[in-house]
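Participant: Provided herewith is a single structure, encoded as structure tokens, for subsequent inquiry.
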Amino acid sequence: MSHINCPITQMKSWVANIIVKYNFCPFARKEVENNSIHYHVSNTLNIENAVLEMIDQCIFLNENQDIETTLLILDQGFSDFNDFLDLVDLANALLIAQGFEGQYQIATFHPDYVFADSEESDAANYTNRAPFPTLHIIREASMAEALKSYDDPDSIPENNIQLTRRKGIDFWQKLLENCHKS
């Protein structure tokens, strides 16, 4: 298996075996079934190049309407969560500066993700933990449309938090480790 395929295989395993299986994102199953998720691996180590690749992926989505969303997988850099948060801040600013505000939004995932108001040991952090630091580029119009058909979209984060805490940190840690073995 080539170096490029390994992170993609691990992320596909994460999407299927955690995100879809445990319904963290009720809209992900459709995109998996439609094969409309683009997995882009970046080996950049610096913030500037990473955000430029993110913009390239927004352009890619504009040019490929059959692709619904992109996971920009940063498999070489940004293992430090605070460095990753710096990247996220710049990525959001550049998204606006490049005119993509209202068209795309970014969701973020990291192996060591910790919510601002949370303890590191809180199982709820696993709602945003992934095998690699990742910027998820989401089409806002598609998300708005999907949310219309969901009975109570505001309940999604709370349901995820309850599920992760009920299952416990050891459960999620093992699942995430299994994605690395894919």
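Starting from 1 in every chain, residues are counted up; chains themselves are A, B, ... following the order of the structure tokens, and ligands are numbered from 1 as listed.
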Can you tell me, as a list in words, what residues are no more than 12 Å from Asn43 of chain A when counting only C-alpha atoms, ignoring any on the same chain fewer than 6 positions away?

Facilitator: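 Near neighbours after the sequence-gap exclusion: His3, Ile4, Pro7, Asn49, Ala50, Glu53, Leu72, Ile73, Leu74, Asp75, Gln76, Gly77, Phe78, Phe132, Pro133 and Thr134 of chain A.
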
Participant: For Met11 of chain A, work out the shell of residues within 8 Å, counting only C-alpha atoms and skipping chain neighbours fewer than 3 positions away, then give it as a list in words.

Facilitator: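 Close residues of Met11 of chain A: Pro7, Ile8, Trp14, Val15, Ala130, Pro131, Phe132 and Cys179 of chain A.
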
Participant: If you keep N, CA and C atoms, can you produce a file of those selected residues as a JSON list (two decimals), in the first residue's frame?

Facilitator:
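again.json was written with the following content:
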```
[["chain", "number", "residue", "atom", "x", "y", "z"],
["A", 7, "PRO", "N", -3.19, 6.90, 4.70],
["A", 7, "PRO", "CA", -4.05, 7.85, 5.44],
["A", 7, "PRO", "C", -5.49, 7.85, 4.93],
["A", 8, "ILE", "N", -5.67, 7.69, 3.64],
["A", 8, "ILE", "CA", -7.03, 7.67, 3.09],
["A", 8, "ILE", "C", -7.77, 6.44, 3.60],
["A", 14, "TRP", "N", -12.35, 5.41, 9.64],
["A", 14, "TRP", "CA", -12.88, 6.28, 10.68],
["A", 14, "TRP", "C", -14.29, 6.76, 10.32],
["A", 15, "VAL", "N", -14.46, 7.22, 9.09],
["A", 15, "VAL", "CA", -15.77, 7.70, 8.65],
["A", 15, "VAL", "C", -16.81, 6.58, 8.75],
["A", 130, "ALA", "N", -9.94, 12.18, 15.29],
["A", 130, "ALA", "CA", -9.78, 11.42, 14.05],
["A", 130, "ALA", "C", -8.35, 10.90, 14.00],
["A", 131, "PRO", "N", -8.06, 9.98, 13.08],
["A", 131, "PRO", "CA", -6.70, 9.45, 12.98],
["A", 131, "PRO", "C", -5.64, 10.51, 12.67],
["A", 132, "PHE", "N", -6.04, 11.57, 11.96],
["A", 132, "PHE", "CA", -5.09, 12.62, 11.56],
["A", 132, "PHE", "C", -5.72, 14.00, 11.76],
["A", 179, "CYS", "N", -8.77, 2.18, 13.61],
["A", 179, "CYS", "CA", -8.72, 2.89, 12.33],
["A", 179, "CYS", "C", -7.27, 3.01, 11.87]]
```

Participant: Need to verify the contact set: Ile18 of chain A, 10 Å, only C-alpha atoms, exclusion of same-chain residues closer than 6 positions in sequence. Can you return it as a CSV table (one decimal) with N, CA and C atoms, in the first residue's frame?

Facilitator:
```
chain,number,residue,atom,x,y,z
A,12,LYS,N,-11.1,6.6,5.8
A,12,LYS,CA,-12.3,6.0,5.3
A,12,LYS,C,-12.8,5.0,6.4
A,24,PHE,N,-22.6,10.0,14.3
A,24,PHE,CA,-22.1,11.3,14.7
A,24,PHE,C,-22.6,12.4,13.8
A,25,CYS,N,-22.6,12.1,12.5
A,25,CYS,CA,-23.1,13.0,11.5
A,25,CYS,C,-24.2,12.3,10.7
A,126,TYR,N,-14.1,12.8,21.7
A,126,TYR,CA,-14.0,11.8,20.6
A,126,TYR,C,-15.0,12.1,19.5
A,127,THR,N,-15.9,13.0,19.7
A,127,THR,CA,-16.8,13.4,18.6
A,127,THR,C,-16.0,14.1,17.5
A,130,ALA,N,-9.9,12.2,15.3
A,130,ALA,CA,-9.8,11.4,14.1
A,130,ALA,C,-8.3,10.9,14.0
A,172,TRP,N,-13.9,4.5,22.8
A,172,TRP,CA,-13.6,5.3,21.7
A,172,TRP,C,-12.1,5.2,21.3
A,175,LEU,N,-11.6,2.1,19.3
A,175,LEU,CA,-12.1,2.3,17.9
A,175,LEU,C,-11.1,3.1,17.1
A,176,LEU,N,-10.6,4.2,17.7
A,176,LEU,CA,-9.7,5.1,16.9
A,176,LEU,C,-8.4,4.4,16.6
A,179,CYS,N,-8.8,2.2,13.6
A,179,CYS,CA,-8.7,2.9,12.3
A,179,CYS,C,-7.3,3.0,11.9
```

Participant: Fewer than 3 positions away in the same chain doesn't count, so skip those; otherwise give me all residues within 9 Å of Gln103 of chain A, counting only C-alpha atoms, as an MDAnalysis selection string.

Facilitator: chainID A and resid 99:100 138:141

Participant: Taking the backbone alone, and naming residues the way the document does, which bits of chain A are helix (DSSP H, G or I) by DSSP, as a VMD selection string?

Facilitator: chain A and resid 5 to 20 28 to 33 47 to 63 81 to 97 123 to 128 140 to 148 155 to 167 169 to 180

Participant: Report as a list in words all protein, DNA and RNA residues lying within 12 Å of Ala28 of chain A, evaluated on only C-alpha atoms, omitting residues in the same chain fewer than 4 positions from it.

Facilitator: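 Close residues of Ala28 of chain A: Lys12, Trp14, Val15, Ala16, Asn17, Ile18, Ile19, Val20, Lys21, Tyr22, Asn23, Phe24, Val32, Glu33, Asn34, Asn35, Ser36, Ile37, Glu68, Thr69, Thr70, His136, Ile138, Ser142, Met143 and Ala146 of chain A.
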
Participant: Just the residues within 10 Å of Asp122 of chain A, please, counting only C-alpha atoms, with nothing from its chain fewer than 3 positions along; format it as a PDB file with C-alpha atoms, in the first residue's frame.

Facilitator:
```pdb
ATOM      1  CA  VAL A 114     -10.128  18.833  23.238  1.00  0.00           C
ATOM      2  CA  PHE A 115     -13.101  21.193  23.352  1.00  0.00           C
ATOM      3  CA  SER A 118     -13.695  20.284  28.368  1.00  0.00           C
ATOM      4  CA  GLU A 119     -11.133  18.180  30.193  1.00  0.00           C
ATOM      5  CA  ASN A 125     -13.794  14.963  22.781  1.00  0.00           C
ATOM      6  CA  TYR A 126     -14.001  11.815  20.647  1.00  0.00           C
ATOM      7  CA  ILE A 161     -21.835  13.922  23.695  1.00  0.00           C
ATOM      8  CA  THR A 164     -19.540   9.201  23.824  1.00  0.00           C
ATOM      9  CA  ARG A 165     -19.812   9.623  27.582  1.00  0.00           C
ATOM     10  CA  GLY A 168     -16.603   5.817  27.735  1.00  0.00           C
ATOM     11  CA  ILE A 169     -13.149   6.924  26.721  1.00  0.00           C
TER      12      ILE A 169
END
```

Participant: Hey, which of A:Ile47, A:Asp56, A:Asp151, A:Asn128 ends up closest to Leu90 of chain A? Count only C-alpha atoms.

Facilitator: A:Ile47
